[in-house]
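K.L.:
Pasting a structure here, questions to come.
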Amino acid sequence: MRGWDLEVTAANRPAPGYAEISCKAPQAVAALPGQFFMLRAGEHPDTYLPRAFSWYRQEAPDRLSFLFRVQGPGTRHLGGLRAGDHLYALGPLGHGFTLPERPVRAALLGGGVGVPPLWGLARNLLAGGSEVLALIGARSGAHLVGAEEIAALGAEVRLATDDGSAGRKGLLTDLLEGEQVDALYACGPEPMLRRVQEISLGAGLPAELALEAPMACGYGVCMGCVVERTRPQDELGDYGRYARVCREGPVFRAEEVRF
Ligand SMILES: Cc1cc2nc3c(=O)[nH]c(=O)nc-3n(C[C@H](O)[C@H](O)[C@H](O)COP(=O)(O)OP(=O)(O)OC[C@H]3O[C@@H](n4cnc5c(N)ncnc54)[C@H](O)[C@@H]3O)c2cc1C
Ligand code: FES
């Protein structure tokens, strides 16, 4: 882990309320899919604390992009960056997704702003000979992000939207009905992750979940991002009941965490 000064090379708005910023990044910044960076732009008191973001695309060895929903002061500042601006990035942080030992048919589920870590995961799974079924969901067709980019890698993509304006109307996890897959990987809102956990435990399917939590430090010292473990680590006393999303995660095996 170290801090980087990254130059922005391009910025765009792929959907209403979303921004993607691409940066020139030395190859040493290389991160695994699911790992994240703490990003900060500017010195305003509202944005002094960096915010956590998965990396999204790596279109060339020396490029890295971030895709995010503009929500509050941190993402407003980052979303206002233009080519030639600079941002501070601390990372890569945390543990990413685990690749299978041999090729599998994997379902990747990305809900809303949960799509970014799935691009790199799809790329690496396909490179290892796995088949990738990417299930991508959003409020409406206008809010879908990442589907075309993941399809361009060679993944089979299916869509679900709350209002039925693109793909199937309903829950993203409903797209799993009737599908034969060997592994699940998911990132998105907590109710969706909970449902993926239920499906995984019910069917005995291995699943990895990329969690989000409010983060102040991003590297394990503030304890602000903990989740409860299903199996406490007794040797750690009271702390053993919890795992830090930033340090032990953000990717956990489905059976490891209690929502
Ligand atoms: C490991 C990790 C990876 C992430 N990757 C992405 C990503 O790729 N793209 C993306 O859009 N967002 C991502 N997030 C969420 C992102 O960190 C928050 O959206 C961001 O911190 C909001 O900052 P803000 O100053 O704009 O808004 P704030 O004013 O800080 O918050 C605005 C709203 O967002 C909620 N919020 C703040 N932080 C989080 C959080 N960590 N998780 C969930 N909700 C939060 C707040 O409760 C509030 O409702 C990630 C979070 C984590 C922990
Ligand atoms: S964000 Fe500080 S311990 Fe995880």
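How things are named: the first chain in the structure tokens is A, the next is B, and so on; residues count from 1 in each chain; ligands count from 1 in the order shown.
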Do you know which residues are at most 10 Å from A:Asp85 counting only C-alpha atoms, after dropping those on the same chain fewer than 2 positions away, and could you put them as a VMD selection string?

P.N.:
chain A and resid 6 to 10 23 41 to 42 80 to 83 87

K.L.:
Write out, as an mmCIF file, in the first residue's frame, the residues just selected, with all heavy atoms.

P.N.:
data_model
loop_
_atom_site.group_PDB
_atom_site.id
_atom_site.type_symbol
_atom_site.label_atom_id
_atom_site.label_comp_id
_atom_site.auth_asym_id
_atom_site.auth_seq_id
_atom_site.Cartn_x
_atom_site.Cartn_y
_atom_site.Cartn_z
ATOM 1 N N LEU A 6 -2.180 10.692 -9.110
ATOM 2 C CA LEU A 6 -2.592 10.206 -10.432
ATOM 3 C C LEU A 6 -3.118 11.359 -11.279
ATOM 4 O O LEU A 6 -3.900 12.191 -10.791
ATOM 5 C CB LEU A 6 -3.694 9.146 -10.290
ATOM 6 C CG LEU A 6 -3.385 7.909 -9.446
ATOM 7 C CD1 LEU A 6 -4.568 6.936 -9.482
ATOM 8 C CD2 LEU A 6 -2.114 7.216 -9.919
ATOM 9 N N GLU A 7 -2.709 11.382 -12.535
ATOM 10 C CA GLU A 7 -3.209 12.410 -13.449
ATOM 11 C C GLU A 7 -4.446 11.887 -14.170
ATOM 12 O O GLU A 7 -4.438 10.776 -14.714
ATOM 13 C CB GLU A 7 -2.141 12.767 -14.487
ATOM 14 C CG GLU A 7 -2.588 13.906 -15.399
ATOM 15 C CD GLU A 7 -1.607 14.169 -16.527
ATOM 16 O OE1 GLU A 7 -0.410 13.861 -16.393
ATOM 17 O OE2 GLU A 7 -2.084 14.676 -17.561
ATOM 18 N N VAL A 8 -5.489 12.681 -14.176
ATOM 19 C CA VAL A 8 -6.723 12.314 -14.877
ATOM 20 C C VAL A 8 -6.504 12.502 -16.380
ATOM 21 O O VAL A 8 -6.013 13.549 -16.808
ATOM 22 C CB VAL A 8 -7.905 13.184 -14.383
ATOM 23 C CG1 VAL A 8 -9.169 12.892 -15.180
ATOM 24 C CG2 VAL A 8 -8.134 12.974 -12.899
ATOM 25 N N THR A 9 -6.847 11.462 -17.161
ATOM 26 C CA THR A 9 -6.683 11.565 -18.621
ATOM 27 C C THR A 9 -8.029 11.765 -19.322
ATOM 28 O O THR A 9 -8.079 12.246 -20.439
ATOM 29 C CB THR A 9 -6.003 10.303 -19.189
ATOM 30 O OG1 THR A 9 -6.752 9.164 -18.751
ATOM 31 C CG2 THR A 9 -4.573 10.187 -18.701
ATOM 32 N N ALA A 10 -9.119 11.354 -18.684
ATOM 33 C CA ALA A 10 -10.448 11.526 -19.308
ATOM 34 C C ALA A 10 -11.509 11.440 -18.219
ATOM 35 O O ALA A 10 -11.308 10.776 -17.195
ATOM 36 C CB ALA A 10 -10.692 10.448 -20.352
ATOM 37 N N CYS A 23 -7.388 7.469 -15.325
ATOM 38 C CA CYS A 23 -6.144 8.081 -14.847
ATOM 39 C C CYS A 23 -4.944 7.406 -15.473
ATOM 40 O O CYS A 23 -4.991 6.224 -15.816
ATOM 41 C CB CYS A 23 -6.005 7.908 -13.336
ATOM 42 S SG CYS A 23 -7.372 8.538 -12.398
ATOM 43 N N ALA A 41 -9.722 14.323 -3.878
ATOM 44 C CA ALA A 41 -9.421 15.391 -4.829
ATOM 45 C C ALA A 41 -9.611 16.711 -4.105
ATOM 46 O O ALA A 41 -10.671 16.946 -3.538
ATOM 47 C CB ALA A 41 -10.359 15.321 -6.028
ATOM 48 N N GLY A 42 -8.603 17.551 -4.096
ATOM 49 C CA GLY A 42 -8.729 18.878 -3.489
ATOM 50 C C GLY A 42 -8.509 18.840 -1.983
ATOM 51 O O GLY A 42 -8.393 17.780 -1.379
ATOM 52 N N GLY A 80 -16.133 16.139 -10.584
ATOM 53 C CA GLY A 80 -15.867 17.415 -11.266
ATOM 54 C C GLY A 80 -14.477 17.471 -11.877
ATOM 55 O O GLY A 80 -14.108 18.464 -12.506
ATOM 56 N N LEU A 81 -13.669 16.411 -11.697
ATOM 57 C CA LEU A 81 -12.304 16.425 -12.245
ATOM 58 C C LEU A 81 -12.343 16.347 -13.768
ATOM 59 O O LEU A 81 -13.242 15.726 -14.337
ATOM 60 C CB LEU A 81 -11.504 15.243 -11.694
ATOM 61 C CG LEU A 81 -11.199 15.277 -10.194
ATOM 62 C CD1 LEU A 81 -10.452 14.018 -9.780
ATOM 63 C CD2 LEU A 81 -10.401 16.518 -9.814
ATOM 64 N N ARG A 82 -11.366 16.955 -14.393
ATOM 65 C CA ARG A 82 -11.248 16.957 -15.849
ATOM 66 C C ARG A 82 -9.849 16.501 -16.242
ATOM 67 O O ARG A 82 -8.951 16.480 -15.400
ATOM 68 C CB ARG A 82 -11.476 18.393 -16.407
ATOM 69 C CG ARG A 82 -12.889 18.904 -16.197
ATOM 70 C CD ARG A 82 -13.894 18.157 -17.094
ATOM 71 N NE ARG A 82 -15.270 18.399 -16.695
ATOM 72 C CZ ARG A 82 -16.008 17.579 -15.959
ATOM 73 N NH1 ARG A 82 -15.514 16.446 -15.507
ATOM 74 N NH2 ARG A 82 -17.255 17.855 -15.651
ATOM 75 N N ALA A 83 -9.673 16.158 -17.534
ATOM 76 C CA ALA A 83 -8.352 15.726 -18.013
ATOM 77 C C ALA A 83 -7.301 16.762 -17.613
ATOM 78 O O ALA A 83 -7.529 17.972 -17.757
ATOM 79 C CB ALA A 83 -8.398 15.568 -19.527
ATOM 80 N N LEU A 87 -5.422 13.559 -8.774
ATOM 81 C CA LEU A 87 -6.075 13.101 -7.549
ATOM 82 C C LEU A 87 -5.099 12.257 -6.744
ATOM 83 O O LEU A 87 -4.124 11.719 -7.292
ATOM 84 C CB LEU A 87 -7.367 12.338 -7.856
ATOM 85 C CG LEU A 87 -7.304 11.060 -8.665
ATOM 86 C CD1 LEU A 87 -7.039 9.868 -7.763
ATOM 87 C CD2 LEU A 87 -8.624 10.842 -9.380
#

K.L.:
Can you pull out every residue within 10 Å of A:Leu126, counting only C-alpha atoms, but drop anything in the same chain fewer than 4 positions away, and send it as a ChimeraX atom specification?

P.N.:
/A:103-106,120-122,130-132,153-155

K.L.:
Any chance you could list, as a PyMOL selection string, the residues in stretch 24-79 of chain A that come up strand (DSSP E) when DSSP is run on the backbone?

P.N.:
chain A and resi 24+36-40+51-54+63-69

K.L.:
Mind dumping the selected residues with all heavy atoms as a compact mmCIF listing (two decimals), in the first residue's frame?

P.N.:
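Result saved to selection_32.txt:
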# COMPACT_ATOMS: atom_id res chain seq x y z
N LYS A 24 -3.87 8.17 -15.57
CA LYS A 24 -2.58 7.60 -15.92
C LYS A 24 -2.03 7.02 -14.63
O LYS A 24 -1.92 7.74 -13.63
CB LYS A 24 -1.67 8.72 -16.43
CG LYS A 24 -0.49 8.22 -17.23
CD LYS A 24 0.45 9.35 -17.53
CE LYS A 24 -0.05 10.25 -18.65
NZ LYS A 24 0.87 11.38 -18.88
N PHE A 36 -9.42 -2.06 -3.56
CA PHE A 36 -9.93 -0.70 -3.72
C PHE A 36 -8.85 0.33 -3.38
O PHE A 36 -7.77 -0.01 -2.89
CB PHE A 36 -11.17 -0.49 -2.84
CG PHE A 36 -10.89 -0.52 -1.36
CD1 PHE A 36 -10.76 0.65 -0.64
CD2 PHE A 36 -10.74 -1.72 -0.68
CE1 PHE A 36 -10.51 0.65 0.72
CE2 PHE A 36 -10.47 -1.75 0.68
CZ PHE A 36 -10.36 -0.57 1.39
N PHE A 37 -9.18 1.58 -3.65
CA PHE A 37 -8.30 2.72 -3.35
C PHE A 37 -9.09 3.74 -2.54
O PHE A 37 -10.31 3.86 -2.69
CB PHE A 37 -7.83 3.39 -4.64
CG PHE A 37 -6.88 2.54 -5.44
CD1 PHE A 37 -7.36 1.55 -6.29
CD2 PHE A 37 -5.51 2.72 -5.35
CE1 PHE A 37 -6.49 0.75 -7.03
CE2 PHE A 37 -4.63 1.93 -6.08
CZ PHE A 37 -5.12 0.95 -6.92
N MET A 38 -8.41 4.48 -1.68
CA MET A 38 -9.00 5.65 -1.03
C MET A 38 -8.60 6.85 -1.88
O MET A 38 -7.41 7.11 -2.07
CB MET A 38 -8.47 5.81 0.40
CG MET A 38 -8.78 4.66 1.34
SD MET A 38 -10.55 4.41 1.69
CE MET A 38 -10.90 5.75 2.83
N LEU A 39 -9.61 7.55 -2.43
CA LEU A 39 -9.35 8.65 -3.36
C LEU A 39 -9.71 9.99 -2.73
O LEU A 39 -10.72 10.11 -2.03
CB LEU A 39 -10.18 8.50 -4.64
CG LEU A 39 -10.02 7.23 -5.48
CD1 LEU A 39 -10.85 7.34 -6.76
CD2 LEU A 39 -8.57 6.96 -5.80
N ARG A 40 -8.90 11.00 -3.06
CA ARG A 40 -9.21 12.36 -2.59
C ARG A 40 -8.84 13.35 -3.69
O ARG A 40 -7.81 13.21 -4.34
CB ARG A 40 -8.39 12.69 -1.34
CG ARG A 40 -8.77 14.03 -0.73
CD ARG A 40 -7.98 14.34 0.51
NE ARG A 40 -6.59 14.58 0.19
CZ ARG A 40 -5.58 14.28 1.01
NH1 ARG A 40 -5.80 13.70 2.15
NH2 ARG A 40 -4.35 14.54 0.64
N ARG A 51 -12.21 8.93 0.07
CA ARG A 51 -13.36 8.03 -0.02
C ARG A 51 -12.92 6.74 -0.74
O ARG A 51 -12.05 6.78 -1.61
CB ARG A 51 -14.52 8.67 -0.81
CG ARG A 51 -14.94 10.07 -0.36
CD ARG A 51 -15.41 10.11 1.07
NE ARG A 51 -16.32 11.24 1.35
CZ ARG A 51 -15.96 12.41 1.86
NH1 ARG A 51 -14.71 12.67 2.17
NH2 ARG A 51 -16.90 13.35 2.09
N ALA A 52 -13.62 5.64 -0.39
CA ALA A 52 -13.24 4.32 -0.92
C ALA A 52 -13.89 4.05 -2.28
O ALA A 52 -15.09 4.25 -2.44
CB ALA A 52 -13.68 3.24 0.07
N PHE A 53 -13.08 3.55 -3.23
CA PHE A 53 -13.61 3.15 -4.54
C PHE A 53 -12.87 1.94 -5.08
O PHE A 53 -11.63 1.88 -5.03
CB PHE A 53 -13.45 4.29 -5.58
CG PHE A 53 -14.23 5.50 -5.19
CD1 PHE A 53 -13.63 6.50 -4.45
CD2 PHE A 53 -15.58 5.61 -5.51
CE1 PHE A 53 -14.36 7.61 -4.04
CE2 PHE A 53 -16.31 6.72 -5.10
CZ PHE A 53 -15.70 7.72 -4.37
N SER A 54 -13.64 0.98 -5.60
CA SER A 54 -13.04 -0.11 -6.35
C SER A 54 -12.45 0.47 -7.62
O SER A 54 -12.95 1.48 -8.13
CB SER A 54 -14.13 -1.10 -6.79
OG SER A 54 -14.88 -1.51 -5.69
N ARG A 63 -3.12 2.55 -17.44
CA ARG A 63 -4.37 3.31 -17.25
C ARG A 63 -5.24 2.59 -16.22
O ARG A 63 -5.25 1.36 -16.13
CB ARG A 63 -5.18 3.38 -18.55
CG ARG A 63 -4.57 4.25 -19.62
CD ARG A 63 -4.76 5.73 -19.29
NE ARG A 63 -4.28 6.60 -20.35
CZ ARG A 63 -3.01 6.95 -20.53
NH1 ARG A 63 -2.09 6.50 -19.72
NH2 ARG A 63 -2.66 7.76 -21.52
N LEU A 64 -5.99 3.36 -15.45
CA LEU A 64 -6.91 2.79 -14.46
C LEU A 64 -8.10 3.73 -14.39
O LEU A 64 -7.93 4.96 -14.38
CB LEU A 64 -6.21 2.78 -13.10
CG LEU A 64 -6.66 1.74 -12.07
CD1 LEU A 64 -6.48 0.33 -12.60
CD2 LEU A 64 -5.84 1.92 -10.80
N SER A 65 -9.32 3.17 -14.36
CA SER A 65 -10.46 4.08 -14.23
C SER A 65 -11.29 3.73 -13.00
O SER A 65 -11.20 2.62 -12.46
CB SER A 65 -11.32 4.08 -15.50
OG SER A 65 -12.24 3.02 -15.48
N PHE A 66 -12.08 4.68 -12.57
CA PHE A 66 -12.99 4.54 -11.43
C PHE A 66 -14.37 4.97 -11.91
O PHE A 66 -14.50 5.97 -12.61
CB PHE A 66 -12.54 5.41 -10.26
CG PHE A 66 -11.16 5.06 -9.76
CD1 PHE A 66 -10.03 5.70 -10.26
CD2 PHE A 66 -10.99 4.06 -8.81
CE1 PHE A 66 -8.76 5.36 -9.82
CE2 PHE A 66 -9.71 3.71 -8.36
CZ PHE A 66 -8.60 4.36 -8.87
N LEU A 67 -15.38 4.20 -11.50
CA LEU A 67 -16.76 4.49 -11.89
C LEU A 67 -17.56 4.66 -10.61
O LEU A 67 -17.53 3.76 -9.76
CB LEU A 67 -17.30 3.32 -12.70
CG LEU A 67 -18.79 3.32 -13.04
CD1 LEU A 67 -19.13 4.46 -13.99
CD2 LEU A 67 -19.20 2.00 -13.67
N PHE A 68 -18.24 5.79 -10.45
CA PHE A 68 -18.93 5.99 -9.17
C PHE A 68 -20.21 6.80 -9.35
O PHE A 68 -20.39 7.53 -10.32
CB PHE A 68 -18.02 6.69 -8.15
CG PHE A 68 -17.36 7.92 -8.67
CD1 PHE A 68 -17.96 9.17 -8.56
CD2 PHE A 68 -16.12 7.84 -9.30
CE1 PHE A 68 -17.35 10.31 -9.04
CE2 PHE A 68 -15.50 8.97 -9.79
CZ PHE A 68 -16.12 10.21 -9.67
N ARG A 69 -21.09 6.60 -8.35
CA ARG A 69 -22.32 7.38 -8.30
C ARG A 69 -22.03 8.65 -7.51
O ARG A 69 -21.43 8.60 -6.44
CB ARG A 69 -23.43 6.58 -7.62
CG ARG A 69 -24.77 7.28 -7.73
CD ARG A 69 -25.91 6.34 -7.53
NE ARG A 69 -25.89 5.79 -6.18
CZ ARG A 69 -26.38 4.60 -5.88
NH1 ARG A 69 -26.92 3.84 -6.80
NH2 ARG A 69 -26.35 4.17 -4.64

K.L.:
For atom CA of A:Glu248 and atom CA of A:Leu90, determine how far apart the two atoms are, in Å to one decimal place.

P.N.:
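These two atoms are separated by 17.0 Å.
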
K.L.:
Calculate how many Å separate atom CA of A:Ile199 from atom CA of A:Glu255, rounding to one decimal.

P.N.:
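Atom CA of A:Ile199 sits 11.0 Å away from atom CA of A:Glu255.
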
K.L.:
For ligand 2, collect every residue having any atom at a distance of at most 8 Å from a ligand atom (counting only C-alpha atoms and all ligand atoms); output as number ranges by chain.

P.N.:
A: 213-226, 244-247

K.L.:
What is the distance, in Å and to one decimal place, between atom CA of A:Gln197 and atom CA of A:Glu228?

P.N.:
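Between atom CA of A:Gln197 and atom CA of A:Glu228 the gap works out to 14.4 Å.
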
K.L.:
Could you pull the residues within 6 Å of A:Gly110, counting only C-alpha atoms, minus those fewer than 6 positions along the same chain, as a PyMOL selection string?

P.N.:
chain A and resi 136+186-188

K.L.:
Please dump the current selection as a PDB file, in the first residue's frame; keep N, CA, C and O atoms.

P.N.:
ATOM      1  N   ILE A 136     -26.505  -7.958 -14.549  1.00  0.00           N
ATOM      2  CA  ILE A 136     -26.322  -6.562 -14.164  1.00  0.00           C
ATOM      3  C   ILE A 136     -27.687  -5.914 -13.979  1.00  0.00           C
ATOM      4  O   ILE A 136     -28.571  -6.057 -14.839  1.00  0.00           O
ATOM      5  N   ALA A 186     -20.432 -11.487  -6.262  1.00  0.00           N
ATOM      6  CA  ALA A 186     -21.450 -10.425  -6.238  1.00  0.00           C
ATOM      7  C   ALA A 186     -20.946  -9.152  -5.572  1.00  0.00           C
ATOM      8  O   ALA A 186     -20.150  -9.190  -4.638  1.00  0.00           O
ATOM      9  N   CYS A 187     -21.437  -8.027  -6.086  1.00  0.00           N
ATOM     10  CA  CYS A 187     -21.186  -6.731  -5.460  1.00  0.00           C
ATOM     11  C   CYS A 187     -22.413  -5.871  -5.705  1.00  0.00           C
ATOM     12  O   CYS A 187     -22.924  -5.813  -6.833  1.00  0.00           O
ATOM     13  N   GLY A 188     -22.912  -5.243  -4.648  1.00  0.00           N
ATOM     14  CA  GLY A 188     -24.107  -4.418  -4.813  1.00  0.00           C
ATOM     15  C   GLY A 188     -24.727  -4.126  -3.467  1.00  0.00           C
ATOM     16  O   GLY A 188     -24.107  -4.331  -2.420  1.00  0.00           O
TER      17      GLY A 188
END

K.L.:
Give me the residues near A:Leu193 as a PyMOL selection string, where near means some atom within 12 Å (using only C-alpha atoms) and where sequence neighbours in that chain fewer than 3 positions away do not count.

P.N.:
chain A and resi 108-111+114+171-173+184-190+196-200+207-212+251-255+257-259

K.L.:
Output as a ChimeraX atom specification all residues of stretch 5-246 of chain A that backbone DSSP marks as alpha helix (DSSP H).

P.N.:
/A:73-79,116-127,147-151,190-203

K.L.:
Atoms to include: N, CA and C atoms. Write the selected residues as a CSV table (one decimal), in the first residue's frame.

P.N.:
chain,number,residue,atom,x,y,z
A,73,PRO,N,-20.3,15.2,-1.0
A,73,PRO,CA,-19.2,16.1,-1.3
A,73,PRO,C,-18.0,15.4,-1.9
A,74,GLY,N,-17.7,14.2,-1.4
A,74,GLY,CA,-16.5,13.5,-2.0
A,74,GLY,C,-16.6,13.2,-3.4
A,75,THR,N,-17.8,12.6,-3.8
A,75,THR,CA,-18.0,12.1,-5.1
A,75,THR,C,-18.3,13.3,-6.0
A,76,ARG,N,-18.9,14.4,-5.5
A,76,ARG,CA,-19.1,15.6,-6.3
A,76,ARG,C,-17.8,16.2,-6.8
A,77,HIS,N,-16.8,16.2,-5.8
A,77,HIS,CA,-15.5,16.8,-6.1
A,77,HIS,C,-14.8,15.9,-7.2
A,78,LEU,N,-14.8,14.6,-6.9
A,78,LEU,CA,-14.2,13.6,-7.9
A,78,LEU,C,-14.8,13.7,-9.2
A,79,GLY,N,-16.2,13.8,-9.2
A,79,GLY,CA,-16.9,13.8,-10.5
A,79,GLY,C,-16.7,15.1,-11.3
A,116,PRO,N,-18.4,-1.9,-10.7
A,116,PRO,CA,-17.0,-1.7,-11.1
A,116,PRO,C,-16.1,-2.9,-10.8
A,117,PRO,N,-16.1,-3.5,-9.7
A,117,PRO,CA,-15.1,-4.6,-9.5
A,117,PRO,C,-15.3,-5.8,-10.4
A,118,LEU,N,-16.4,-5.9,-11.1
A,118,LEU,CA,-16.7,-7.1,-11.9
A,118,LEU,C,-16.0,-7.0,-13.3
A,119,TRP,N,-15.6,-5.9,-13.7
A,119,TRP,CA,-15.0,-5.8,-15.1
A,119,TRP,C,-13.7,-6.5,-15.0
A,120,GLY,N,-12.8,-6.2,-14.0
A,120,GLY,CA,-11.5,-6.9,-13.9
A,120,GLY,C,-11.7,-8.4,-13.6
A,121,LEU,N,-12.7,-8.7,-12.8
A,121,LEU,CA,-12.9,-10.1,-12.5
A,121,LEU,C,-13.3,-10.9,-13.7
A,122,ALA,N,-14.2,-10.3,-14.5
A,122,ALA,CA,-14.7,-11.0,-15.8
A,122,ALA,C,-13.5,-11.2,-16.7
A,123,ARG,N,-12.7,-10.1,-16.8
A,123,ARG,CA,-11.5,-10.2,-17.7
A,123,ARG,C,-10.6,-11.4,-17.2
A,124,ASN,N,-10.3,-11.5,-15.9
A,124,ASN,CA,-9.4,-12.5,-15.4
A,124,ASN,C,-9.9,-13.9,-15.5
A,125,LEU,N,-11.3,-14.0,-15.2
A,125,LEU,CA,-11.9,-15.3,-15.4
A,125,LEU,C,-11.9,-15.8,-16.8
A,126,LEU,N,-12.2,-14.9,-17.8
A,126,LEU,CA,-12.2,-15.3,-19.2
A,126,LEU,C,-10.8,-15.7,-19.6
A,127,ALA,N,-9.8,-14.9,-19.1
A,127,ALA,CA,-8.4,-15.2,-19.5
A,127,ALA,C,-8.0,-16.6,-19.0
A,147,ALA,N,-22.5,-2.7,-18.5
A,147,ALA,CA,-23.0,-3.9,-19.2
A,147,ALA,C,-22.3,-4.0,-20.6
A,148,GLU,N,-22.2,-2.9,-21.3
A,148,GLU,CA,-21.6,-3.0,-22.7
A,148,GLU,C,-20.1,-3.3,-22.5
A,149,GLU,N,-19.5,-2.7,-21.5
A,149,GLU,CA,-18.0,-2.9,-21.3
A,149,GLU,C,-17.7,-4.3,-20.9
A,150,ILE,N,-18.5,-4.9,-20.1
A,150,ILE,CA,-18.3,-6.3,-19.7
A,150,ILE,C,-18.6,-7.3,-20.9
A,151,ALA,N,-19.7,-6.9,-21.6
A,151,ALA,CA,-20.0,-7.8,-22.8
A,151,ALA,C,-18.8,-7.7,-23.8
A,190,GLU,N,-26.8,-4.2,0.0
A,190,GLU,CA,-26.8,-5.3,1.0
A,190,GLU,C,-28.0,-6.3,0.9
A,191,PRO,N,-29.2,-5.9,0.6
A,191,PRO,CA,-30.3,-6.9,0.4
A,191,PRO,C,-30.0,-7.9,-0.7
A,192,MET,N,-29.3,-7.4,-1.8
A,192,MET,CA,-28.9,-8.3,-2.9
A,192,MET,C,-27.9,-9.2,-2.4
A,193,LEU,N,-26.9,-8.7,-1.7
A,193,LEU,CA,-25.8,-9.6,-1.2
A,193,LEU,C,-26.4,-10.7,-0.2
A,194,ARG,N,-27.4,-10.3,0.6
A,194,ARG,CA,-28.0,-11.2,1.5
A,194,ARG,C,-28.7,-12.3,0.7
A,195,ARG,N,-29.3,-12.0,-0.3
A,195,ARG,CA,-30.0,-13.0,-1.2
A,195,ARG,C,-29.0,-13.9,-1.8
A,196,VAL,N,-27.9,-13.3,-2.3
A,196,VAL,CA,-26.9,-14.2,-2.9
A,196,VAL,C,-26.3,-15.1,-1.9
A,197,GLN,N,-26.2,-14.6,-0.6
A,197,GLN,CA,-25.7,-15.5,0.4
A,197,GLN,C,-26.6,-16.7,0.7
A,198,GLU,N,-28.0,-16.3,0.7
A,198,GLU,CA,-29.0,-17.4,0.9
A,198,GLU,C,-28.9,-18.4,-0.2
A,199,ILE,N,-28.8,-18.0,-1.5
A,199,ILE,CA,-28.7,-18.9,-2.6
A,199,ILE,C,-27.5,-19.8,-2.5
A,200,SER,N,-26.4,-19.1,-2.1
A,200,SER,CA,-25.1,-19.9,-2.0
A,200,SER,C,-25.2,-21.0,-1.0
A,201,LEU,N,-25.7,-20.6,0.2
A,201,LEU,CA,-25.7,-21.5,1.3
A,201,LEU,C,-26.8,-22.6,1.0
A,202,GLY,N,-27.9,-22.2,0.4
A,202,GLY,CA,-29.0,-23.2,0.1
A,202,GLY,C,-28.5,-24.2,-0.9
A,203,ALA,N,-27.8,-23.8,-1.9
A,203,ALA,CA,-27.4,-24.7,-3.0
A,203,ALA,C,-26.0,-25.2,-2.9

K.L.:
For A:Leu144, which of A:Gly167, A:Pro33, A:Gly128, A:Gly112 is the closest residue, counting only C-alpha atoms?

P.N.:
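Of A:Gly167, A:Pro33, A:Gly128, A:Gly112, the one nearest A:Leu144 is A:Gly112, counting only C-alpha atoms.
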
K.L.:
Pick the closest to A:Leu205 from A:Leu159, A:Leu236, A:Ala152, A:Ala107: which is it, counting only C-alpha atoms?

P.N.:
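Among the listed residues, the smallest separation from A:Leu205 belongs to A:Ala107.
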
K.L.:
Find the residues near A:Ala142: any atom within 9 Å, counting only C-alpha atoms, skip ones fewer than 3 places away on the same chain, and give them as a ChimeraX atom specification.

P.N.:
/A:15-16,138-139,145,165-166

K.L.:
Go through A:Gly240, A:Gly96, A:Gly170, A:Gly146 and flag the residue nearest A:Arg57, using only C-alpha atoms for the distances.

P.N.:
A:Gly146

K.L.:
Go through A:Gly72, A:Pro61, A:Gly237, A:Gly129 and flag the residue nearest ligand 1, using only C-alpha atoms and all ligand atoms for the distances.

P.N.:
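The shortest atom-to-atom distance to ligand 1 comes from A:Gly72.
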